[in-house]
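Enquirer: Pasting in a structure now, in structure tokens, and then I'll have a few things to ask.
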Amino acid sequence: MSTATAPQTEAPLPKPEGLEGVVAASTALSHVFGEEGKLVYRGYDIHELAGKASFEEVAHLLWLGHLPTSSELADLQSRLEANRTLPQPVIDILRLIPADTAPMDALRTGLSALGAVDHKTFDDTPDLDEAIAIAARFPGILAAFFRLRSGQEPVRPKAGHNTAQSYLYQLFGAEPEERHWKPLETYLVLLADHGMNASTFTARVIASTQSDLISCLTGAVGALKGPLHGGAPSKVLDMLNAIGSADNVDTWLNNALDRGDRLMGFGHRVYKAEDPRAEILREMARTASDPDFFALSKRTEDRALELLNERKPGRRLYTNVEFYSAAVLAAVGLPGDMFTPTFAVSRSVGWSSHVLEQVSNNRLIRPQSQFVGPSDKTFTPISSR
Ligand code: ACO
């Protein structure tokens, strides 16, 4: 049997691990300035928007390119409201999912079910109406599963709520308090888009094949759930719970690093300075979360940064968005397994904006691979193997 490798007749192509530094698309939507620790949505620094703009204003900015006037905002809000109710067959499908299924998996299934149930709406080339219709239903899919898994019936969305209010209302079945929906709204603003991250790239690759919008977003949900991307915040909560008290921080972190574990909520492919969203979320956590929990989070962050700097000199590892997302979302009343799905509620807007941008000037995304296997084997019939 020959073990010859492929003949090297082709000039080797550059092959950065993990596509680091490769430009995969042009976008006017958002950009991460990694050296400066700056995030921009359509020209606005995230500090310009967080705590000032509503999530719907930011959605309008991303989808349509400018901050809305009052009448444009009212129009978008009514279009979102008109699309919030889930088709009954989608609820029926969510009812069949085992209660111990991770909510991200339920979201992926619910979203895919929406595409199948309502295929006449979502089968065309992706457009803004579809983007709005899908984003409006992300909270409902999650809330329906959240309630069904504990034996409660889904709650129908109520008129007059914004996205953050509607999500909490559909989850808990009670009028949300401002101290909960306001921080959630700022969180949704902060997470709405983030350059060419893994899930956005996934959505754009699927869009580039001229597939439908539900397929693009279902793929993106799958990419987001991994712990190296959006799956980290519940693991941050697990880490803080395992540490338990300030006097255990050093031992716990050193043991984890000795084992070669990654510390969840630290490091980033692009940021080589502090993630600006982490800075904003830290201040939100300081006021919104339980003081003891915040103190433990801060102590853990400070020591983790010192230890990472000592053990990985020159790597420039800083706190990322996920670390204080955990404290903020817990303060809003969400359990750990709803953290990443809540990230998806926000990012659904960024994903669909990228899909619309991709289809407006599309070329199939089809990279190369470097072939490292043999290429000259001959077939042996099964009787002779
Ligand atoms: N803890 C410990 N070491 C780390 C961490 C971390 N959190 N992050 C990076 N490193 C180390 C790596 O071990 C590596 O060291 P080495 O070269 O000595 O082996 C070096 O830093 C570079 O790491 P890479 O894996 O090459 O960095 P990459 O850019 O591929 O990864 C990532 C970025 C995945 C975010 C990484 O920092 C990580 O795993 N962080 C923890 C998980 C996390 O917080 N995920 C959320 C990311 S934010 C988001 O997507 C919304």
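We label chains A, B, ... in the order they appear in the structure tokens, count residues from 1 in each chain, and number ligands from 1 in the order shown.
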Can you list, as an NGL selection string, every protein, DNA or RNA residue that comes within 8 Å of A:Val328 when you count only C-alpha atoms, leaving out same-chain residues fewer than 2 positions away?

Expert: :A and (183-184 or 281 or 284-285 or 288-289 or 324-326 or 330-332)

Enquirer: List every residue of chain A that has an atom at most 8 Å from any atom of ligand 1, giving for each one its closest atom pair and the distance in Å to one decimal, counting only C-alpha atoms and all ligand atoms, sorted by chain and then by ascending residue number, as a tab-separated table.

Expert:
residue	atom	partner	partner_atom_place_in_ligand_line	distance
A:Gly18	CA	ligand 1	30 (O)	6.8
A:Glu20	CA	ligand 1	29 (O)	7.7
A:Asn197	CA	ligand 1	50 (O)	7.2
A:Ala198	CA	ligand 1	50 (O)	7.8
A:Leu224	CA	ligand 1	50 (O)	7.7
A:Pro227	CA	ligand 1	45 (N)	5.5
A:Leu228	CA	ligand 1	45 (N)	4.1
A:His229	CA	ligand 1	50 (O)	3.3
A:Gly230	CA	ligand 1	51 (C)	4.7
A:Gly231	CA	ligand 1	46 (C)	6.9
A:Ala232	CA	ligand 1	45 (N)	5.0
A:Pro233	CA	ligand 1	46 (C)	7.6
A:Leu257	CA	ligand 1	2 (C)	6.7
A:Gly260	CA	ligand 1	2 (C)	7.4
A:Asp261	CA	ligand 1	2 (C)	6.3
A:Arg262	CA	ligand 1	1 (N)	3.5
A:Leu263	CA	ligand 1	1 (N)	3.9
A:Met264	CA	ligand 1	44 (O)	4.1
A:Gly265	CA	ligand 1	44 (O)	3.5
A:Phe266	CA	ligand 1	7 (N)	4.2
A:Gly267	CA	ligand 1	37 (O)	3.4
A:His268	CA	ligand 1	35 (C)	4.0
A:Arg269	CA	ligand 1	29 (O)	3.4
A:Val270	CA	ligand 1	29 (O)	7.0
A:Leu308	CA	ligand 1	2 (C)	6.5
A:Lys312	CA	ligand 1	18 (O)	5.9
A:Arg315	CA	ligand 1	21 (O)	5.7
A:Leu317	CA	ligand 1	8 (N)	6.4
A:Asn320	CA	ligand 1	48 (S)	5.6
A:Val321	CA	ligand 1	48 (S)	5.9
A:Glu322	CA	ligand 1	46 (C)	5.9
A:Phe323	CA	ligand 1	44 (O)	7.3

Enquirer: Go ahead and write the selection's residues with C-alpha atoms as a tab-separated table (two decimals), in the first residue's frame.

Expert:
chain	number	residue	atom	x	y	z
A	18	GLY	CA	-7.80	29.23	12.75
A	20	GLU	CA	-6.22	34.26	12.05
A	197	ASN	CA	-16.72	36.26	14.70
A	198	ALA	CA	-17.18	32.51	14.22
A	224	LEU	CA	-22.26	30.24	19.00
A	227	PRO	CA	-17.33	27.48	24.83
A	228	LEU	CA	-14.59	29.10	22.76
A	229	HIS	CA	-17.26	31.47	21.40
A	230	GLY	CA	-20.59	32.21	23.13
A	231	GLY	CA	-20.77	29.19	25.40
A	232	ALA	CA	-18.43	30.61	28.05
A	233	PRO	CA	-20.66	32.65	30.44
A	257	LEU	CA	-3.80	26.60	35.00
A	260	GLY	CA	-3.69	23.41	31.30
A	261	ASP	CA	-7.35	24.52	31.50
A	262	ARG	CA	-8.55	27.74	29.88
A	263	LEU	CA	-9.93	30.31	32.28
A	264	MET	CA	-13.39	31.11	30.96
A	265	GLY	CA	-14.04	34.81	30.29
A	266	PHE	CA	-10.41	35.67	29.45
A	267	GLY	CA	-8.55	36.03	26.16
A	268	HIS	CA	-9.75	36.95	22.70
A	269	ARG	CA	-8.62	36.34	19.14
A	270	VAL	CA	-8.78	40.02	18.17
A	308	LEU	CA	-2.24	34.84	33.01
A	312	LYS	CA	1.60	33.54	29.42
A	315	ARG	CA	0.02	36.86	25.12
A	317	LEU	CA	-4.83	38.10	27.73
A	320	ASN	CA	-13.58	39.33	27.61
A	321	VAL	CA	-17.31	40.06	27.32
A	322	GLU	CA	-18.31	36.73	28.83
A	323	PHE	CA	-16.82	37.24	32.29

Enquirer: Between A:Pro139, A:Gly226, A:Gly244, A:Pro14, which residue has the minimum interatomic distance to A:Ser348, considering only C-alpha atoms?

Expert: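 Going through A:Pro139, A:Gly226, A:Gly244, A:Pro14 one by one, the smallest distance to A:Ser348 is for A:Pro139.
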
Enquirer: Report as a PyMOL selection string all protein, DNA and RNA residues lying within 10 Å of A:Ala207, evaluated on only C-alpha atoms, omitting residues in the same chain fewer than 2 positions from it.

Expert: chain A and resi 125-126+201-205+209-217+352+354-359+362-365

Enquirer: Hey, can you spit out that residue selection with N, CA and C atoms as a CSV table (one decimal), in the first residue's frame?

Expert:
chain,number,residue,atom,x,y,z
A,125,THR,N,-35.0,34.6,-1.1
A,125,THR,CA,-33.8,35.3,-0.8
A,125,THR,C,-34.0,36.1,0.5
A,126,PRO,N,-33.1,36.0,1.5
A,126,PRO,CA,-33.3,36.7,2.7
A,126,PRO,C,-33.5,38.2,2.5
A,201,PHE,N,-19.5,34.5,10.7
A,201,PHE,CA,-18.8,33.9,9.5
A,201,PHE,C,-19.6,32.7,9.1
A,202,THR,N,-20.1,31.8,10.0
A,202,THR,CA,-20.9,30.7,9.7
A,202,THR,C,-22.2,31.1,8.9
A,203,ALA,N,-22.9,32.2,9.4
A,203,ALA,CA,-24.1,32.7,8.8
A,203,ALA,C,-23.8,33.2,7.4
A,204,ARG,N,-22.6,33.8,7.2
A,204,ARG,CA,-22.3,34.4,5.9
A,204,ARG,C,-21.9,33.3,4.9
A,205,VAL,N,-21.3,32.3,5.4
A,205,VAL,CA,-20.9,31.1,4.5
A,205,VAL,C,-22.2,30.5,4.0
A,209,THR,N,-24.2,30.5,-0.2
A,209,THR,CA,-24.7,29.4,-1.1
A,209,THR,C,-26.1,29.7,-1.6
A,210,GLN,N,-26.6,30.9,-1.3
A,210,GLN,CA,-28.0,31.2,-1.7
A,210,GLN,C,-29.0,30.4,-0.9
A,211,SER,N,-28.7,30.0,0.3
A,211,SER,CA,-29.6,29.3,1.2
A,211,SER,C,-30.6,30.3,1.8
A,212,ASP,N,-31.5,29.9,2.7
A,212,ASP,CA,-32.5,30.8,3.3
A,212,ASP,C,-32.0,31.3,4.6
A,213,LEU,N,-32.7,32.3,5.1
A,213,LEU,CA,-32.2,33.0,6.3
A,213,LEU,C,-32.3,32.1,7.6
A,214,ILE,N,-33.4,31.3,7.7
A,214,ILE,CA,-33.5,30.4,8.9
A,214,ILE,C,-32.3,29.5,8.9
A,215,SER,N,-31.9,28.9,7.7
A,215,SER,CA,-30.7,28.1,7.7
A,215,SER,C,-29.4,28.8,8.2
A,216,CYS,N,-29.3,30.0,7.7
A,216,CYS,CA,-28.1,30.8,8.1
A,216,CYS,C,-28.1,31.0,9.6
A,217,LEU,N,-29.2,31.3,10.2
A,217,LEU,CA,-29.2,31.6,11.7
A,217,LEU,C,-29.2,30.3,12.5
A,352,SER,N,-28.5,38.5,11.0
A,352,SER,CA,-29.3,38.7,9.8
A,352,SER,C,-28.8,40.0,9.1
A,354,HIS,N,-25.7,40.7,8.7
A,354,HIS,CA,-24.6,40.2,7.9
A,354,HIS,C,-25.1,39.4,6.7
A,355,VAL,N,-26.1,38.7,6.9
A,355,VAL,CA,-26.7,37.9,5.8
A,355,VAL,C,-27.2,38.8,4.7
A,356,LEU,N,-27.9,39.9,5.1
A,356,LEU,CA,-28.5,40.8,4.1
A,356,LEU,C,-27.3,41.5,3.4
A,357,GLU,N,-26.2,41.8,4.1
A,357,GLU,CA,-25.1,42.4,3.5
A,357,GLU,C,-24.4,41.5,2.5
A,358,GLN,N,-24.3,40.2,2.9
A,358,GLN,CA,-23.7,39.2,2.0
A,358,GLN,C,-24.5,39.0,0.7
A,359,VAL,N,-25.8,38.9,0.9
A,359,VAL,CA,-26.6,38.6,-0.4
A,359,VAL,C,-26.7,39.8,-1.3
A,362,ASN,N,-23.1,39.2,-3.4
A,362,ASN,CA,-22.6,37.8,-3.0
A,362,ASN,C,-21.6,37.2,-4.0
A,363,ARG,N,-20.7,36.5,-3.4
A,363,ARG,CA,-19.9,35.5,-4.2
A,363,ARG,C,-19.7,34.3,-3.2
A,364,LEU,N,-19.9,33.1,-3.8
A,364,LEU,CA,-19.8,31.9,-2.9
A,364,LEU,C,-18.5,31.9,-2.1
A,365,ILE,N,-18.6,31.6,-0.8
A,365,ILE,CA,-17.4,31.6,0.0
A,365,ILE,C,-17.0,30.1,0.0

Enquirer: Using only C-alpha atoms, what does the table of stretch 96-204 of chain A residues within 7 Å of stretch 54-59 of chain A look like, with each row giving the shortest atom pair and its distance in Å to one decimal, sorted by chain and ascending number, as a Markdown table?

Expert:
| residue | atom | partner | partner_atom | distance |
| --- | --- | --- | --- | --- |
| A:Glu185 | CA | A:Phe55 | CA | 6.1 |
| A:Leu188 | CA | A:Phe55 | CA | 6.2 |
| A:Val189 | CA | A:Phe55 | CA | 5.2 |

Enquirer: Any chance you could export the current selection's N, CA, C and O atoms as a PDB file, in the first residue's frame?

Expert:
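result22.pdb, freshly written:
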ATOM      1  N   GLU A 185     -31.509  45.180  28.518  1.00  0.00           N
ATOM      2  CA  GLU A 185     -31.510  45.933  27.257  1.00  0.00           C
ATOM      3  C   GLU A 185     -30.088  46.402  26.904  1.00  0.00           C
ATOM      4  O   GLU A 185     -29.650  46.281  25.757  1.00  0.00           O
ATOM      5  N   LEU A 188     -28.186  43.537  25.606  1.00  0.00           N
ATOM      6  CA  LEU A 188     -28.561  43.215  24.218  1.00  0.00           C
ATOM      7  C   LEU A 188     -27.894  44.178  23.237  1.00  0.00           C
ATOM      8  O   LEU A 188     -27.450  43.769  22.155  1.00  0.00           O
ATOM      9  N   VAL A 189     -27.793  45.451  23.619  1.00  0.00           N
ATOM     10  CA  VAL A 189     -27.112  46.443  22.765  1.00  0.00           C
ATOM     11  C   VAL A 189     -25.638  46.060  22.589  1.00  0.00           C
ATOM     12  O   VAL A 189     -25.086  46.093  21.487  1.00  0.00           O
TER      13      VAL A 189
END

Enquirer: Which residue is closest to A:Gly51? Choose from A:Arg84, A:Leu307, A:Trp181, A:Ile206 and count only C-alpha atoms.

Expert: A:Trp181

Enquirer: Within 9 Å of stretch 246-256 of chain A, counting only C-alpha atoms, which residues show up once you throw out same-chain ones fewer than 6 positions away? Write them as a PDB file with C-alpha atoms, in the first residue's frame, please.

Expert:
ATOM      1  CA  MET A 239     -16.074  28.596  37.848  1.00  0.00           C
ATOM      2  CA  LEU A 240     -17.165  31.264  40.342  1.00  0.00           C
ATOM      3  CA  ARG A 262      -8.545  27.740  29.875  1.00  0.00           C
ATOM      4  CA  LEU A 263      -9.931  30.314  32.278  1.00  0.00           C
ATOM      5  CA  ALA A 295     -16.609  40.984  45.105  1.00  0.00           C
ATOM      6  CA  LEU A 296     -15.796  37.348  44.314  1.00  0.00           C
ATOM      7  CA  ARG A 299     -11.149  39.211  43.052  1.00  0.00           C
ATOM      8  CA  THR A 300     -11.155  36.291  40.590  1.00  0.00           C
ATOM      9  CA  ARG A 303      -5.931  37.347  40.181  1.00  0.00           C
ATOM     10  CA  ALA A 304      -6.678  35.646  36.846  1.00  0.00           C
ATOM     11  CA  LEU A 307      -1.621  34.817  36.775  1.00  0.00           C
TER      12      LEU A 307
END

Enquirer: Identify, on the basis of only C-alpha atoms, every residue whose closest approach to A:Arg79 does not exceed 9 Å; exclude the query and any residue fewer than 5 positions from it along the same chain; express the result as a PyMOL selection string.

Expert: chain A and resi 74+84+129+132-133+136

Enquirer: Got time to write the residues from that selection, C-alpha atoms, as a short mmCIF file (atom, residue, chain, number, x, y, z; two decimals), in the first residue's frame?

Expert:
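This went into again-v4.cif:
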data_model
loop_
_atom_site.label_atom_id
_atom_site.label_comp_id
_atom_site.auth_asym_id
_atom_site.auth_seq_id
_atom_site.Cartn_x
_atom_site.Cartn_y
_atom_site.Cartn_z
CA ALA A 74 -42.35 53.23 16.09
CA ARG A 84 -43.64 37.90 18.21
CA ASP A 129 -39.06 41.49 6.59
CA ILE A 132 -37.45 41.22 11.62
CA ALA A 133 -39.83 38.24 11.71
CA ALA A 136 -38.93 38.92 16.93
#

Enquirer: So what do you get for atom CA of A:Gly333 versus atom CA of A:Phe172, distance-wise?

Expert: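 These atoms are spaced 9.5 Å apart.
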
Enquirer: Could you check which of A:Thr378, A:Ser353, A:Asn309, A:Ser369 is closest to A:Ile134, using only C-alpha atoms?

Expert: A:Ser353

Enquirer: Within 10 Å of A:Tyr169, counting only C-alpha atoms, which residues qualify if same-chain residues fewer than 2 places away don't, as number ranges by chain?

Expert: A: 139-140, 143, 155-158, 161, 163-167, 171-177, 181

Enquirer: Find the spatial neighbours of A:Lys38, counting only C-alpha atoms, within a cut-off of 10 Å - ignore same-chain residues fewer than 2 positions away - and output them as a PyMOL selection string.

Expert: chain A and resi 31-36+40+45-47+271+273-277

Enquirer: For A:Pro341, which of A:Leu191, A:Leu107, A:Ala24, A:Ala135 is the closest residue, counting only C-alpha atoms?

Expert: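 Of the candidates, the smallest distance to A:Pro341 is held by A:Leu107.
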
Enquirer: What is the distance, in Å and to one decimal place, between atom CA of A:Arg147 and atom CA of A:Ile91?

Expert: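 Rounded to one decimal, the two atoms are 11.0 Å apart.
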